[in-house]
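Q: Can you read through this structure? Questions will come right after.
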Amino acid sequence: MILNFHLSKKESSAIMNEIPDVYNKKFTNGIRHPHLYLWDSWSYIEHKIIHLYCLAISRTKPDGTILHPNERNDFKFHIRHFTSVDDGLSWKDEGCFFMPNKKLNHRTIWSGCVKPLSNGNKLVAYTGLENIDSTRNFLQNIEIAVSNDGYVVHSLNKNVLSSPLRDWNEIIKKGYYLDSKENLGSNEGEKGGPIMAWRDPFIFYDNNSELNLFWSAKSSPKKGALARATIKNDGDYFKILELHPPVHVPDINDFTQLEVPKVLFDKERELYYLIISTCNRLYENQPDSEIRKEVRLYKSDYINGPWKSMGEKILGDKNLFGLTVLKTDFDNNRLLCIAPYTEVAEEQLRLTFAPTFYIYLDTLEVEFLREENN
């Protein structure tokens with residue numbers, strides 16, 4: 001069942017008061033939004049327009065005081081939308097794409113994906129954080145919505161696609177790790193590890209045109225894993241056809257959290273690529289200065305692996321994390337990407353987007369692109 005997405009005027013006004021209006025100036029050489037912190041990213045191309053989405057929050061609190069990056073989990077996020085007609089050299093702010101929904105009991109929303117469907121609509125997968133209580137702020141659900149045009153969400157699945165609370169037994173039987181039901185989403189983390197991971201869904205059509213979702217999960221309190229499910233749709237209603245066992249990568253012991261996965265397929269070489277952002281956070285409230293964030297690439301002949309590491313980790317020294325692939329260029333063995341700076345970057349760059357860059361798949365060399373005379 002699909003719900004039409006209509007907040008009451010009072011609900012919409014209350015939330016929108018915390019979301020800055022569209023900023024009408026063009027952004028070049030990345031996106032440094034004067035009113036927003038931006039992080040994580042996903043994208044698609046349609047009619048030669050690149051659509052970029054990311055998490056966003058106002059740089060000021062509702063009372064007008066400055067919001068510091070490490071305080072942002074205390075407030076509601078929204079998903080921001082930007083477009084580019086010049087391969088990411090410049091960007092236009094399209095405003096708020098999606099916001100937390102009280103009818104679905106959202107405390108806030110986290111990262112996801114938007115992908116065009118064959119009927120012209122856009123499938124929207126995202127992470128909905130359930131509003132439980134003040135000690136359990138991180139209970140994550142995999143949720144689905146539909147946009148008619150990519151500029152605003154028009155309808156929502158009434159039922160959560162995957163709920164760790166509702167589907168706890170099934171998820172555990174498949175080999176994933178979840179804390180006990182009464183501790184799901186605990187602010188203190190899971191059994192001495194970081195907070196739970198059931199988030200960041202990525203939509204992927206495999207070479208058989210089957211609809212898949214990949215997302216961030218765990219196989220133990222301190223071991224990240226990649227979740228995969230095949231999805232069935234009946235019109236605009238979507239449900240999980242099969243939740244597959246956890247997918248692991250060969251260097252899984254080098255990090256504790258696997259986030260914002262991206263899966264690509266090179267039809268000519270019949271080769272899959274997996275890109276993940278990882279960090280080695282050991283516990284919640286660990287200082288950011290102690291945490292190493294990196295981007296890792298893998299390849300495989302099969303959608304479920306085994307995955308082979310492509311070598312060195314990238315972008316960590318540049319403090320970039322949560323990238324998206326804007327365009328694939330397999331003929332030239334490269335990917336056009338964009339990524340936001342982390343919280344430990346220079347103050348003026350923190351939680352803004354860097355200029356676009358190429359990743360060369362043979363060497364993992366990174367080449368940044370800049371618009372001239374700016």
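Quick note on naming: the chains in the structure tokens go A, B, ... in the order shown, residues restart at 1 in each chain, and ligands are numbered from 1 in order of appearance.
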According to DSSP computed on the backbone, where in range 108-344 of chain A is there alpha helix (DSSP H)? Give the residues as a count of residues only.
A: 6
Q: Any idea what's packed within 8 Å of Tyr283 in chain A, counting only C-alpha atoms, ignoring anything in its chain fewer than 2 positions away? Could you give it as a PyMOL selection string?
A: chain A and resi 188-189+192-195+281+285-286
Q: Taking the backbone alone, and naming residues the way the document does, which bits of range 53-242 of chain A are strand (DSSP E) by DSSP, as an MDAnalysis selection string?
A: chainID A and resid 53:58 78:84 90:98 106:116 122:130 140:147 155:157 199:205 211:220 223:234 237:242
Q: Write out as a list in words each polymer residue whose atoms come within 9 Å of Asn253 in chain A, counting only C-alpha atoms; drop sequence neighbours fewer than 4 positions from it.
A: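 Listing them by chain and then by number gives Lys222, Lys223 and Gly224 of chain A.
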Q: For the residues in that selection, give me N, CA and C atoms as a PDB file, in the first residue's frame.
A:
ATOM      1  N   LYS A 222      31.358  -5.271  16.308  1.00  0.00           N
ATOM      2  CA  LYS A 222      32.414  -4.412  15.770  1.00  0.00           C
ATOM      3  C   LYS A 222      32.858  -4.848  14.372  1.00  0.00           C
ATOM      4  N   LYS A 223      31.980  -5.517  13.641  1.00  0.00           N
ATOM      5  CA  LYS A 223      32.356  -5.973  12.302  1.00  0.00           C
ATOM      6  C   LYS A 223      31.249  -5.602  11.314  1.00  0.00           C
ATOM      7  N   GLY A 224      31.591  -4.741  10.361  1.00  0.00           N
ATOM      8  CA  GLY A 224      30.632  -4.312   9.359  1.00  0.00           C
ATOM      9  C   GLY A 224      30.390  -5.382   8.314  1.00  0.00           C
TER      10      GLY A 224
END
Q: Where does range 240-353 of chain A meet range 159-171 of chain A within 9 Å, residue by residue, with the nearest atom pair and distance in Å to one decimal for each, counting only C-alpha atoms, listed by chain and rising number, as JSON lines?
A:
{"residue": "A:Ile240", "atom": "CA", "partner": "A:Leu161", "partner_atom": "CA", "distance": 6.7}
{"residue": "A:Leu243", "atom": "CA", "partner": "A:Ile171", "partner_atom": "CA", "distance": 8.0}
{"residue": "A:Pro245", "atom": "CA", "partner": "A:Ile171", "partner_atom": "CA", "distance": 8.8}
Q: Which value, in Å to one decimal, gives the distance between CA of Leu36 in chain A and CA of Arg59 in chain A?
A: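 Answer for the CA of Leu36 in chain A to CA of Arg59 in chain A separation: 5.1 Å.
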Q: So how many Å separate CA of Thr278 in chain A and CA of Thr328 in chain A, to one decimal?
A: 21.9 Å
Q: With only C-alpha atoms as the atoms that count, which of A:Leu361, A:Ile314, A:Leu241, A:Cys279 lies nearest to Lys299 in chain A?
A: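 Checking each candidate against Lys299 in chain A, we get A:Leu361 as the closest.
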Q: For Glu259 in chain A, find every residue with an atom within 9 Å (counting only C-alpha atoms), except residues of its own chain fewer than 4 positions away, and show them as an NGL selection string.
A: :A and (197 or 199-200 or 215-217 or 224 or 226 or 276-279 or 322)
Q: Compile the contact shell of Glu312 in chain A as a PyMOL selection string: residues with an atom at most 9 Å away, counting only C-alpha atoms, same-chain residues fewer than 4 positions apart removed.
A: chain A and resi 296-297+364
Q: Tell me which protein, DNA and RNA residues are within 9 Å of Thr127 in chain A, counting only C-alpha atoms, leaving out same-chain ones fewer than 3 positions away, and put them as a list in words.
A: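 Here the answer would be Thr108, Ile109, Trp110, Ser111, Gly112, Gln140, Asn141, Ile142, Glu143, Ile144, Trp198, Arg199, Asp200 and Pro201 of chain A.
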Q: Filtering to C-alpha atoms, could you give me those residues as an mmCIF file, in the first residue's frame?
A:
data_model
loop_
_atom_site.group_PDB
_atom_site.id
_atom_site.type_symbol
_atom_site.label_atom_id
_atom_site.label_comp_id
_atom_site.auth_asym_id
_atom_site.auth_seq_id
_atom_site.Cartn_x
_atom_site.Cartn_y
_atom_site.Cartn_z
ATOM 1 C CA THR A 108 14.967 11.815 11.645
ATOM 2 C CA ILE A 109 16.076 10.377 8.286
ATOM 3 C CA TRP A 110 19.454 9.163 7.057
ATOM 4 C CA SER A 111 21.060 8.323 3.749
ATOM 5 C CA GLY A 112 19.604 6.424 0.841
ATOM 6 C CA GLN A 140 17.136 2.347 11.839
ATOM 7 C CA ASN A 141 14.664 1.037 9.257
ATOM 8 C CA ILE A 142 15.028 0.544 5.513
ATOM 9 C CA GLU A 143 12.156 2.431 3.896
ATOM 10 C CA ILE A 144 10.788 3.103 0.415
ATOM 11 C CA TRP A 198 20.882 -1.103 9.226
ATOM 12 C CA ARG A 199 21.083 1.901 6.942
ATOM 13 C CA ASP A 200 22.189 3.625 3.698
ATOM 14 C CA PRO A 201 20.231 1.587 1.113
#
Q: Got a sec: who's within 12 Å of Val247 in chain A, counting only C-alpha atoms, leaving out chain neighbours fewer than 2 positions off, as a VMD selection string?
A: chain A and resid 174 to 176 214 to 219 223 to 229 243 to 245 249 to 250 252 258 261 274 302 to 307
Q: Could you tell me which of A:Ile79, A:Leu89, A:Ile338, A:Val344 comes closest to Asn319 in chain A if we count only C-alpha atoms?
A: A:Val344
Q: From the list A:Gly64, A:Gly88, A:Pro20, A:Gly185, which residue is nearest Leu326 in chain A when using only C-alpha atoms?
A: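 Of A:Gly64, A:Gly88, A:Pro20, A:Gly185, the one nearest Leu326 in chain A, counting only C-alpha atoms, is A:Gly88.
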Q: Between CA of Ile57 in chain A and CA of Val152 in chain A, what is the distance, to one decimal in Å?
A: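 One can read the CA of Ile57 in chain A to CA of Val152 in chain A distance as 17.3 Å.
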Q: For Gly95 in chain A, which of A:Asp362, A:Glu46, A:Asp63, A:Asp21 is the closest residue, counting only C-alpha atoms?
A: A:Asp21
Q: Select, from A:Lys102, A:His81, A:His154, A:His35, the residue with the minimum atom-to-atom distance to Leu67 in chain A, counting only C-alpha atoms.
A: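 Of A:Lys102, A:His81, A:His154, A:His35, the one nearest Leu67 in chain A, counting only C-alpha atoms, is A:His35.
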Q: Which residue is closest to Val263 in chain A? Choose from A:Phe204, A:Lys239, A:Glu346, A:Asp301 and count only C-alpha atoms.
A: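 Result for the nearest residue to Val263 in chain A: A:Phe204.
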